[in-house]
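Dumped input.cif below, it's mmCIF, C-alpha atoms; chains and numbers go by the auth columns:
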```
data_data
#
loop_
_atom_site.group_PDB
_atom_site.id
_atom_site.type_symbol
_atom_site.label_atom_id
_atom_site.label_comp_id
_atom_site.label_asym_id
_atom_site.label_seq_id
_atom_site.Cartn_x
_atom_site.Cartn_y
_atom_site.Cartn_z
_atom_site.B_iso_or_equiv
_atom_site.auth_seq_id
_atom_site.auth_asym_id
ATOM 1 C CA ALA A 1 -57.183 1.917 5.648 0.00 21 C
ATOM 2 C CA GLY A 2 -57.756 -1.503 7.174 0.00 22 C
ATOM 3 C CA PRO A 3 -55.260 -4.307 7.815 0.00 23 C
ATOM 4 C CA SER A 4 -53.163 -5.132 4.744 0.00 24 C
ATOM 5 C CA ARG A 5 -49.633 -6.046 3.728 0.00 25 C
ATOM 6 C CA TYR A 6 -47.506 -2.892 3.740 0.00 26 C
ATOM 7 C CA ASP A 7 -44.714 -2.504 1.171 0.00 27 C
ATOM 8 C CA THR A 8 -41.975 -0.344 2.719 0.00 28 C
ATOM 9 C CA SER A 9 -40.377 0.221 -0.707 0.00 29 C
ATOM 10 C CA LYS A 10 -43.446 2.191 -1.774 0.00 30 C
ATOM 11 C CA SER A 11 -44.778 5.502 -0.522 0.00 31 C
ATOM 12 C CA VAL A 12 -47.581 5.646 2.041 0.00 32 C
ATOM 13 C CA VAL A 13 -49.908 6.892 -0.695 0.00 33 C
ATOM 14 C CA ALA A 14 -49.081 3.924 -2.927 0.00 34 C
ATOM 15 C CA ASN A 15 -49.953 1.584 -0.050 0.00 35 C
ATOM 16 C CA ILE A 16 -53.306 3.193 0.736 0.00 36 C
ATOM 17 C CA ASN A 17 -56.186 2.390 -1.576 0.00 37 C
ATOM 18 C CA LEU A 18 -57.538 5.941 -1.741 0.00 38 C
ATOM 19 C CA LEU A 19 -57.517 8.487 -4.557 0.00 39 C
ATOM 20 C CA PRO A 20 -55.152 11.448 -3.989 0.00 40 C
ATOM 21 C CA THR A 21 -58.123 13.818 -4.282 0.00 41 C
ATOM 22 C CA ILE A 22 -59.670 12.117 -1.237 0.00 42 C
ATOM 23 C CA LEU A 23 -56.460 11.505 0.711 0.00 43 C
ATOM 24 C CA SER A 24 -55.400 15.160 0.449 0.00 44 C
ATOM 25 C CA ARG A 25 -58.513 16.214 2.381 0.00 45 C
ATOM 26 C CA PHE A 26 -57.319 14.607 5.622 0.00 46 C
ATOM 27 C CA ASP A 27 -55.698 16.991 8.101 0.00 47 C
ATOM 28 C CA LEU A 28 -53.708 14.160 9.706 0.00 48 C
ATOM 29 C CA ILE A 29 -52.602 10.802 8.309 0.00 49 C
ATOM 30 C CA TYR A 30 -51.123 8.399 10.861 0.00 50 C
ATOM 31 C CA LEU A 31 -49.351 5.229 9.780 0.00 51 C
ATOM 32 C CA ILE A 32 -49.674 2.281 12.188 0.00 52 C
ATOM 33 C CA LEU A 33 -47.704 -0.816 11.209 0.00 53 C
ATOM 34 C CA ASP A 34 -48.046 -4.207 12.885 0.00 54 C
ATOM 35 C CA ASN A 35 -44.370 -5.120 13.062 0.00 55 C
ATOM 36 C CA PRO A 36 -43.569 -8.354 14.960 0.00 56 C
ATOM 37 C CA SER A 37 -42.011 -7.603 18.365 0.00 57 C
ATOM 38 C CA GLU A 38 -41.994 -10.063 21.244 0.00 58 C
ATOM 39 C CA ALA A 39 -42.150 -7.340 23.926 0.00 59 C
ATOM 40 C CA HIS A 40 -44.968 -5.475 22.162 0.00 60 C
ATOM 41 C CA ASP A 41 -46.858 -8.676 21.333 0.00 61 C
ATOM 42 C CA ARG A 42 -46.629 -9.843 24.959 0.00 62 C
ATOM 43 C CA ARG A 43 -47.869 -6.485 26.279 0.00 63 C
ATOM 44 C CA LEU A 44 -50.758 -6.399 23.795 0.00 64 C
ATOM 45 C CA ALA A 45 -51.742 -10.002 24.561 0.00 65 C
ATOM 46 C CA LYS A 46 -51.799 -9.302 28.303 0.00 66 C
ATOM 47 C CA HIS A 47 -53.951 -6.223 27.755 0.00 67 C
ATOM 48 C CA LEU A 48 -56.486 -8.061 25.599 0.00 68 C
ATOM 49 C CA ILE A 49 -56.680 -10.992 27.999 0.00 69 C
ATOM 50 C CA SER A 50 -57.158 -8.647 30.964 0.00 70 C
ATOM 51 C CA MET A 51 -60.276 -7.256 29.254 0.00 71 C
ATOM 52 C CA TYR A 52 -61.895 -10.691 29.622 0.00 72 C
ATOM 53 C CA ALA A 53 -60.603 -11.394 33.124 0.00 73 C
ATOM 54 C CA LYS A 54 -62.714 -10.521 36.180 0.00 74 C
ATOM 55 C CA GLU A 55 -60.194 -8.072 37.564 0.00 75 C
ATOM 56 C CA GLY A 56 -60.107 -6.399 34.133 0.00 76 C
ATOM 57 C CA LYS A 57 -63.742 -5.406 34.487 0.00 77 C
ATOM 58 C CA GLU A 58 -62.859 -2.720 37.028 0.00 78 C
ATOM 59 C CA LYS A 59 -62.916 0.813 35.690 0.00 79 C
ATOM 60 C CA ALA A 60 -59.450 2.276 35.177 0.00 80 C
ATOM 61 C CA LYS A 61 -58.487 5.309 37.271 0.00 81 C
ATOM 62 C CA GLY A 62 -59.075 8.630 35.565 0.00 82 C
ATOM 63 C CA THR A 63 -61.545 7.214 33.055 0.00 83 C
ATOM 64 C CA ILE A 64 -64.130 9.743 31.864 0.00 84 C
ATOM 65 C CA PRO A 65 -67.674 8.345 31.589 0.00 85 C
ATOM 66 C CA ILE A 66 -68.805 8.247 27.952 0.00 86 C
ATOM 67 C CA ASP A 67 -71.868 10.409 28.617 0.00 87 C
ATOM 68 C CA VAL A 68 -69.755 13.116 30.261 0.00 88 C
ATOM 69 C CA LEU A 69 -67.252 13.058 27.381 0.00 89 C
ATOM 70 C CA THR A 70 -70.102 13.266 24.843 0.00 90 C
ATOM 71 C CA ASP A 71 -71.641 16.256 26.638 0.00 91 C
ATOM 72 C CA TYR A 72 -68.225 17.938 26.843 0.00 92 C
ATOM 73 C CA ILE A 73 -67.606 17.578 23.083 0.00 93 C
ATOM 74 C CA THR A 74 -71.139 18.711 22.245 0.00 94 C
ATOM 75 C CA TYR A 75 -70.812 21.790 24.449 0.00 95 C
ATOM 76 C CA ALA A 76 -67.427 22.697 22.923 0.00 96 C
ATOM 77 C CA ARG A 77 -68.795 22.354 19.387 0.00 97 C
ATOM 78 C CA MET A 78 -71.876 24.460 20.043 0.00 98 C
ATOM 79 C CA ASN A 79 -70.540 27.133 22.369 0.00 99 C
ATOM 80 C CA ILE A 80 -66.809 27.544 21.861 0.00 100 C
ATOM 81 C CA HIS A 81 -65.732 29.527 18.781 0.00 101 C
ATOM 82 C CA PRO A 82 -62.115 30.552 19.396 0.00 102 C
ATOM 83 C CA LYS A 83 -60.600 33.560 17.665 0.00 103 C
ATOM 84 C CA ILE A 84 -57.014 33.544 16.441 0.00 104 C
ATOM 85 C CA SER A 85 -54.866 35.866 18.529 0.00 105 C
ATOM 86 C CA GLU A 86 -52.301 38.143 16.894 0.00 106 C
ATOM 87 C CA GLU A 87 -49.480 36.067 18.367 0.00 107 C
ATOM 88 C CA ALA A 88 -51.061 32.866 17.003 0.00 108 C
ATOM 89 C CA SER A 89 -51.552 34.523 13.616 0.00 109 C
ATOM 90 C CA GLU A 90 -47.849 35.372 13.401 0.00 110 C
ATOM 91 C CA ALA A 91 -46.985 31.824 14.479 0.00 111 C
ATOM 92 C CA LEU A 92 -49.204 30.391 11.709 0.00 112 C
ATOM 93 C CA VAL A 93 -47.471 32.500 9.059 0.00 113 C
ATOM 94 C CA THR A 94 -43.990 31.613 10.354 0.00 114 C
ATOM 95 C CA THR A 95 -44.803 27.918 10.594 0.00 115 C
ATOM 96 C CA TYR A 96 -46.235 27.777 7.065 0.00 116 C
ATOM 97 C CA VAL A 97 -43.243 29.637 5.586 0.00 117 C
ATOM 98 C CA ASN A 98 -40.837 27.281 7.382 0.00 118 C
ATOM 99 C CA MET A 99 -42.737 24.234 6.085 0.00 119 C
ATOM 100 C CA ARG A 100 -42.399 25.623 2.548 0.00 120 C
ATOM 101 C CA LYS A 101 -38.657 26.165 3.052 0.00 121 C
ATOM 102 C CA VAL A 102 -37.926 22.497 3.743 0.00 122 C
ATOM 103 C CA GLY A 103 -37.681 21.634 0.031 0.00 123 C
ATOM 104 C CA ARG A 104 -35.286 24.505 -0.699 0.00 124 C
ATOM 105 C CA LYS A 105 -33.089 23.577 2.262 0.00 125 C
ATOM 106 C CA ASN A 106 -32.607 20.123 0.738 0.00 126 C
ATOM 107 C CA GLY A 107 -31.800 21.570 -2.679 0.00 127 C
ATOM 108 C CA GLN A 108 -35.112 20.390 -4.119 0.00 128 C
ATOM 109 C CA SER A 109 -36.563 23.630 -5.507 0.00 129 C
ATOM 110 C CA ASN A 110 -39.151 21.756 -7.587 0.00 130 C
ATOM 111 C CA VAL A 111 -40.491 19.776 -4.602 0.00 131 C
ATOM 112 C CA VAL A 112 -43.583 21.067 -2.801 0.00 132 C
ATOM 113 C CA THR A 113 -43.243 20.447 0.945 0.00 133 C
ATOM 114 C CA ALA A 114 -46.405 22.324 1.974 0.00 134 C
ATOM 115 C CA THR A 115 -49.459 23.799 0.273 0.00 135 C
ATOM 116 C CA THR A 116 -52.286 26.074 1.411 0.00 136 C
ATOM 117 C CA ARG A 117 -54.109 22.871 2.417 0.00 137 C
ATOM 118 C CA GLN A 118 -51.510 22.398 5.162 0.00 138 C
ATOM 119 C CA LEU A 119 -52.028 26.003 6.271 0.00 139 C
ATOM 120 C CA GLU A 120 -55.772 25.371 6.494 0.00 140 C
ATOM 121 C CA SER A 121 -55.056 22.176 8.445 0.00 141 C
ATOM 122 C CA LEU A 122 -52.854 24.138 10.846 0.00 142 C
ATOM 123 C CA ILE A 123 -55.694 26.595 11.482 0.00 143 C
ATOM 124 C CA ARG A 124 -58.317 23.860 12.007 0.00 144 C
ATOM 125 C CA LEU A 125 -56.092 21.880 14.378 0.00 145 C
ATOM 126 C CA ALA A 126 -55.085 24.961 16.374 0.00 146 C
ATOM 127 C CA GLU A 127 -58.759 25.922 16.743 0.00 147 C
ATOM 128 C CA ALA A 128 -59.635 22.364 17.791 0.00 148 C
ATOM 129 C CA LEU A 129 -56.913 22.422 20.465 0.00 149 C
ATOM 130 C CA ALA A 130 -58.339 25.674 21.826 0.00 150 C
ATOM 131 C CA LYS A 131 -61.825 24.148 21.892 0.00 151 C
ATOM 132 C CA MET A 132 -60.496 21.190 23.887 0.00 152 C
ATOM 133 C CA ARG A 133 -59.559 23.663 26.624 0.00 153 C
ATOM 134 C CA LEU A 134 -62.899 25.477 26.227 0.00 154 C
ATOM 135 C CA SER A 135 -60.865 28.558 25.329 0.00 155 C
ATOM 136 C CA ASP A 136 -62.160 31.462 23.238 0.00 156 C
ATOM 137 C CA VAL A 137 -58.642 32.261 22.017 0.00 157 C
ATOM 138 C CA VAL A 138 -56.232 30.302 19.811 0.00 158 C
ATOM 139 C CA THR A 139 -52.763 30.681 21.323 0.00 159 C
ATOM 140 C CA LYS A 140 -49.241 30.381 19.947 0.00 160 C
ATOM 141 C CA GLU A 141 -48.919 27.106 21.889 0.00 161 C
ATOM 142 C CA ASN A 142 -51.949 25.730 20.043 0.00 162 C
ATOM 143 C CA VAL A 143 -50.269 26.537 16.717 0.00 163 C
ATOM 144 C CA GLU A 144 -47.011 24.899 17.809 0.00 164 C
ATOM 145 C CA GLU A 145 -48.833 21.717 18.832 0.00 165 C
ATOM 146 C CA ALA A 146 -50.799 21.706 15.564 0.00 166 C
ATOM 147 C CA ALA A 147 -47.518 22.001 13.646 0.00 167 C
ATOM 148 C CA ARG A 148 -46.027 19.114 15.640 0.00 168 C
ATOM 149 C CA LEU A 149 -49.010 16.901 14.842 0.00 169 C
ATOM 150 C CA ILE A 150 -48.750 17.662 11.138 0.00 170 C
ATOM 151 C CA ASN A 151 -44.987 17.070 11.124 0.00 171 C
ATOM 152 C CA VAL A 152 -45.212 13.628 12.744 0.00 172 C
ATOM 153 C CA ALA A 153 -48.342 12.550 10.879 0.00 173 C
ATOM 154 C CA THR A 154 -49.238 14.019 7.496 0.00 174 C
ATOM 155 C CA GLN A 155 -45.728 14.945 6.407 0.00 175 C
ATOM 156 C CA THR A 156 -44.425 11.503 7.334 0.00 176 C
ATOM 157 C CA ALA A 157 -47.068 10.126 5.000 0.00 177 C
ATOM 158 C CA ALA A 158 -45.780 12.461 2.275 0.00 178 C
ATOM 159 C CA THR A 159 -42.167 11.279 2.451 0.00 179 C
ATOM 160 C CA ASP A 160 -40.793 9.984 -0.840 0.00 180 C
ATOM 161 C CA PRO A 161 -39.228 6.548 -0.074 0.00 181 C
ATOM 162 C CA ASN A 162 -36.717 7.034 -2.888 0.00 182 C
ATOM 163 C CA THR A 163 -35.292 10.329 -1.612 0.00 183 C
ATOM 164 C CA GLY A 164 -36.364 10.408 2.035 0.00 184 C
ATOM 165 C CA LEU A 165 -37.640 13.952 1.477 0.00 185 C
ATOM 166 C CA ILE A 166 -41.098 15.414 2.043 0.00 186 C
ATOM 167 C CA ASP A 167 -43.089 15.902 -1.166 0.00 187 C
ATOM 168 C CA MET A 168 -46.730 16.927 -0.723 0.00 188 C
ATOM 169 C CA ASP A 169 -47.374 16.120 -4.397 0.00 189 C
ATOM 170 C CA LEU A 170 -47.395 12.478 -3.309 0.00 190 C
ATOM 171 C CA ILE A 171 -50.644 13.158 -1.453 0.00 191 C
ATOM 172 C CA THR A 172 -52.195 15.767 -3.757 0.00 192 C
ATOM 173 C CA THR A 173 -51.420 14.029 -7.074 0.00 193 C
ATOM 174 C CA GLY A 174 -50.170 10.568 -6.136 0.00 194 C
ATOM 175 C CA THR A 175 -46.848 11.175 -7.942 0.00 195 C
ATOM 176 C CA SER A 176 -43.653 12.609 -6.482 0.00 196 C
ATOM 177 C CA ALA A 177 -41.509 15.229 -8.197 0.00 197 C
ATOM 178 C CA GLY A 178 -38.780 12.591 -8.544 0.00 198 C
ATOM 179 C CA ASP A 179 -41.128 10.177 -10.299 0.00 199 C
ATOM 180 C CA ARG A 180 -42.372 12.925 -12.634 0.00 200 C
ATOM 181 C CA LYS A 181 -38.799 13.805 -13.582 0.00 201 C
ATOM 182 C CA ARG A 182 -37.951 10.136 -14.161 0.00 202 C
ATOM 183 C CA LEU A 183 -41.019 9.583 -16.372 0.00 203 C
ATOM 184 C CA THR A 184 -40.193 12.717 -18.363 0.00 204 C
ATOM 185 C CA GLU A 185 -36.660 11.433 -18.977 0.00 205 C
ATOM 186 C CA ILE A 186 -37.993 8.010 -20.012 0.00 206 C
ATOM 187 C CA THR A 187 -40.556 9.652 -22.320 0.00 207 C
ATOM 188 C CA GLU A 188 -37.791 11.593 -24.097 0.00 208 C
ATOM 189 C CA ALA A 189 -35.713 8.402 -24.375 0.00 209 C
ATOM 190 C CA ILE A 190 -38.691 6.554 -25.920 0.00 210 C
ATOM 191 C CA LYS A 191 -39.282 9.380 -28.427 0.00 211 C
ATOM 192 C CA GLU A 192 -35.622 9.271 -29.445 0.00 212 C
ATOM 193 C CA LEU A 193 -35.779 5.488 -29.753 0.00 213 C
ATOM 194 C CA LEU A 194 -38.897 5.602 -31.912 0.00 214 C
ATOM 195 C CA ASP A 195 -37.342 8.203 -34.211 0.00 215 C
ATOM 196 C CA GLN A 196 -34.470 5.795 -34.904 0.00 216 C
ATOM 197 C CA GLN A 197 -36.668 2.775 -35.609 0.00 217 C
ATOM 198 C CA LYS A 198 -37.101 1.445 -39.122 0.00 218 C
ATOM 199 C CA LYS A 199 -39.778 -1.056 -38.058 0.00 219 C
ATOM 200 C CA ARG A 200 -43.243 0.432 -37.751 0.00 220 C
ATOM 201 C CA ASN A 201 -44.484 -2.228 -35.321 0.00 221 C
ATOM 202 C CA LEU A 202 -42.799 -2.759 -31.981 0.00 222 C
ATOM 203 C CA SER A 203 -43.533 -4.919 -28.957 0.00 223 C
ATOM 204 C CA PHE A 204 -43.181 -3.748 -25.381 0.00 224 C
ATOM 205 C CA ASP A 205 -40.273 -6.194 -25.016 0.00 225 C
ATOM 206 C CA ASP A 206 -38.476 -4.550 -27.964 0.00 226 C
ATOM 207 C CA ILE A 207 -38.841 -1.113 -26.404 0.00 227 C
ATOM 208 C CA LEU A 208 -37.801 -2.269 -22.918 0.00 228 C
ATOM 209 C CA LYS A 209 -34.750 -4.100 -24.237 0.00 229 C
ATOM 210 C CA SER A 210 -33.529 -1.121 -26.278 0.00 230 C
ATOM 211 C CA LEU A 211 -34.149 1.381 -23.482 0.00 231 C
ATOM 212 C CA ASN A 212 -32.445 -0.663 -20.772 0.00 232 C
ATOM 213 C CA GLU A 213 -29.439 -1.363 -22.997 0.00 233 C
ATOM 214 C CA ASN A 214 -28.879 2.367 -23.459 0.00 234 C
ATOM 215 C CA SER A 215 -30.103 3.742 -20.129 0.00 235 C
ATOM 216 C CA ALA A 216 -29.402 3.264 -16.436 0.00 236 C
ATOM 217 C CA ALA A 217 -32.925 4.382 -15.486 0.00 237 C
ATOM 218 C CA GLY A 218 -34.170 0.802 -15.135 0.00 238 C
ATOM 219 C CA VAL A 219 -37.299 1.179 -17.271 0.00 239 C
ATOM 220 C CA LYS A 220 -40.135 -1.151 -16.268 0.00 240 C
ATOM 221 C CA ARG A 221 -43.194 -2.416 -18.094 0.00 241 C
ATOM 222 C CA ASN A 222 -45.402 -0.360 -15.803 0.00 242 C
ATOM 223 C CA ASP A 223 -43.572 2.781 -16.981 0.00 243 C
ATOM 224 C CA LEU A 224 -44.609 2.006 -20.556 0.00 244 C
ATOM 225 C CA LEU A 225 -48.231 1.646 -19.493 0.00 245 C
ATOM 226 C CA LYS A 226 -48.084 5.212 -18.182 0.00 246 C
ATOM 227 C CA ILE A 227 -46.163 6.777 -21.077 0.00 247 C
ATOM 228 C CA LEU A 228 -47.291 5.073 -24.311 0.00 248 C
ATOM 229 C CA PRO A 229 -50.988 6.126 -24.137 0.00 249 C
ATOM 230 C CA ALA A 230 -49.841 9.761 -23.892 0.00 250 C
ATOM 231 C CA LEU A 231 -47.601 9.295 -26.947 0.00 251 C
ATOM 232 C CA LYS A 232 -50.596 7.954 -28.874 0.00 252 C
ATOM 233 C CA ASP A 233 -52.615 11.009 -27.847 0.00 253 C
ATOM 234 C CA ASP A 234 -49.750 13.193 -29.118 0.00 254 C
ATOM 235 C CA GLY A 235 -49.873 11.449 -32.508 0.00 255 C
ATOM 236 C CA ILE A 236 -46.433 9.835 -32.179 0.00 256 C
ATOM 237 C CA LEU A 237 -48.060 6.383 -32.194 0.00 257 C
ATOM 238 C CA VAL A 238 -50.802 5.318 -34.594 0.00 258 C
ATOM 239 C CA ASN A 239 -51.846 2.406 -32.442 0.00 259 C
ATOM 240 C CA TYR A 240 -51.305 1.295 -28.851 0.00 260 C
ATOM 241 C CA ASP A 241 -52.530 -2.208 -27.978 0.00 261 C
ATOM 242 C CA LYS A 242 -52.277 -2.858 -24.255 0.00 262 C
ATOM 243 C CA ARG A 243 -53.610 -6.410 -24.548 0.00 263 C
ATOM 244 C CA LYS A 244 -51.119 -7.505 -27.226 0.00 264 C
ATOM 245 C CA GLU A 245 -48.421 -5.227 -25.790 0.00 265 C
ATOM 246 C CA THR A 246 -47.578 -3.726 -29.162 0.00 266 C
ATOM 247 C CA VAL A 247 -47.398 -0.251 -30.694 0.00 267 C
ATOM 248 C CA ARG A 248 -47.417 1.042 -34.271 0.00 268 C
ATOM 249 C CA LEU A 249 -45.449 4.122 -35.180 0.00 269 C
ATOM 250 C CA ALA A 250 -46.999 7.073 -37.040 0.00 270 C
#
```
Do you think you could lay out the structure here as C-alpha cells?
Amino acid sequence: AGPSRYDTSKSVVANINLLPTILSRFDLIYLILDNPSEAHDRRLAKHLISMYAKEGKEKAKGTIPIDVLTDYITYARMNIHPKISEEASEALVTTYVNMRKVGRKNGQSNVVTATTRQLESLIRLAEALAKMRLSDVVTKENVEEAARLINVATQTAATDPNTGLIDMDLITTGTSAGDRKRLTEITEAIKELLDQQKKRNLSFDDILKSLNENSAAGVKRNDLLKILPALKDDGILVNYDKRKETVRLA
C-alpha cells in the first residue's frame, strides 16, 4: 500500500485497501509507519541530501554491482532446488503446531492463529533462504529464520487491535473472531427488539436508540448496515431501505 493516513485504532487489514482474498496470498506483510521523530527525520534528511552531494556519488563499501546481483539471483532460481532435510521437516511441523497453539494459550479457542497458508509460507521462505546460500538443502536454521520473519511481519499484521491477540481470520476473511462474536450478539439483540415492536416501520435511529439503551455493546450505524440486509434475506424484514435508513418488519 502507498502513503496514506494510518488509523491505529483499526487493524492493519482495515487500513490496507486490499481484499482479504488477495492480502492472504502474501507470505510476508510488513507495516512501515512514518511517525514524526526528530532524530529519525534528521538522519533521513542527511541521507537524502548526501545522494545529491558530490561526495555522495562515491560507491558505498561492500556494494554489489546490479549486474552481478541479477546474475546471482538468476542462477539461484534456475539451478538451485533445495530439498527439505529431515531435521528441517521436523522443525516445520513443530513450528506450525506452536503457531497454532498461540490462540489456546491465550484462552481463545475460537481464534485461528495460523492456517495451512502459514505452513506453506514457512516452506517457501525456508527454501528461499537456502537458495540465497546456493544450498541444495533446507536446514533447521532456515526454518527458524523463516518463522522469525513470519512472526515479526505477517502475524503482526494479523493482530486484533481490540484484544492484542493474533487472529489470522483478520487476513483471510477481513473480520476477527471478536468482531464476529460481537455482531452475532448484536444480531440476536436486534431480533429480540424486533419481536417486541408493535410498529411495523422503524428507522435506524429508533433501532440504535433502543439497542444502546439496553446494551453496553455500543452499537453503531455501521453495524446495522452489516446486519440488517442479512435479516431481510432471512425473512425477518420485509423491506430494508439503506437510502432512507428505514426497515419494515415481516
In terms of only C-alpha atoms, the residue from C:Thr133, C:Ser155, C:Asn162, C:Thr90 at minimal distance from Asp187 of chain C is C:Thr133
Can you list, as number ranges by chain, every protein, DNA or RNA residue that comes within 10 Å of Phe46 of chain C when you count only C-alpha atoms, leaving out same-chain residues fewer than 4 positions away?
-> C: 41-42, 137-138, 141, 174, 191
Go ahead and save the picked residues with C-alpha atoms, as an mmCIF file, in the frame of the given file.
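Below you can see part.cif, which holds the result:
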```
data_model
loop_
_atom_site.group_PDB
_atom_site.id
_atom_site.type_symbol
_atom_site.label_atom_id
_atom_site.label_comp_id
_atom_site.auth_asym_id
_atom_site.auth_seq_id
_atom_site.Cartn_x
_atom_site.Cartn_y
_atom_site.Cartn_z
ATOM 1 C CA THR C 41 -58.123 13.818 -4.282
ATOM 2 C CA ILE C 42 -59.670 12.117 -1.237
ATOM 3 C CA ARG C 137 -54.109 22.871 2.417
ATOM 4 C CA GLN C 138 -51.510 22.398 5.162
ATOM 5 C CA SER C 141 -55.056 22.176 8.445
ATOM 6 C CA THR C 174 -49.238 14.019 7.496
ATOM 7 C CA ILE C 191 -50.644 13.158 -1.453
#
```
Counting all atoms listed in the file, what is within 8 Å of segment 30-32 of chain C, bar same-chain residues fewer than 5 positions away, as a short mmCIF file (atom, residue, chain, number, x, y, z; two decimals) with C-alpha atoms, in the coordinates of the input?
```cif
data_model
loop_
_atom_site.label_atom_id
_atom_site.label_comp_id
_atom_site.auth_asym_id
_atom_site.auth_seq_id
_atom_site.Cartn_x
_atom_site.Cartn_y
_atom_site.Cartn_z
CA LEU C 51 -49.35 5.23 9.78
CA ALA C 177 -47.07 10.13 5.00
CA ALA C 178 -45.78 12.46 2.28
CA THR C 179 -42.17 11.28 2.45
CA ASP C 180 -40.79 9.98 -0.84
CA PRO C 181 -39.23 6.55 -0.07
CA LEU C 190 -47.40 12.48 -3.31
#
```
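The set of residues that the PyMOL selection byres ((chain C and resi 101) around 9) takes from this file is Ala96, Arg97, Met98, Asn99, Ile100, Pro102, Lys103, Glu147, Ala150, Lys151, Leu154, Ser155, Asp156 and Val157 of chain C.
In terms of minimum interatomic distance to Val132 of chain C, C:Arg120 ranks closest within C:Arg202, C:Arg120, C:Lys160, C:Lys264, counting only C-alpha atoms.
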Which distance in Å separates atom CA of Thr192 of chain C and atom CA of Asn242 of chain C, to one decimal?
-> 21.2 Å
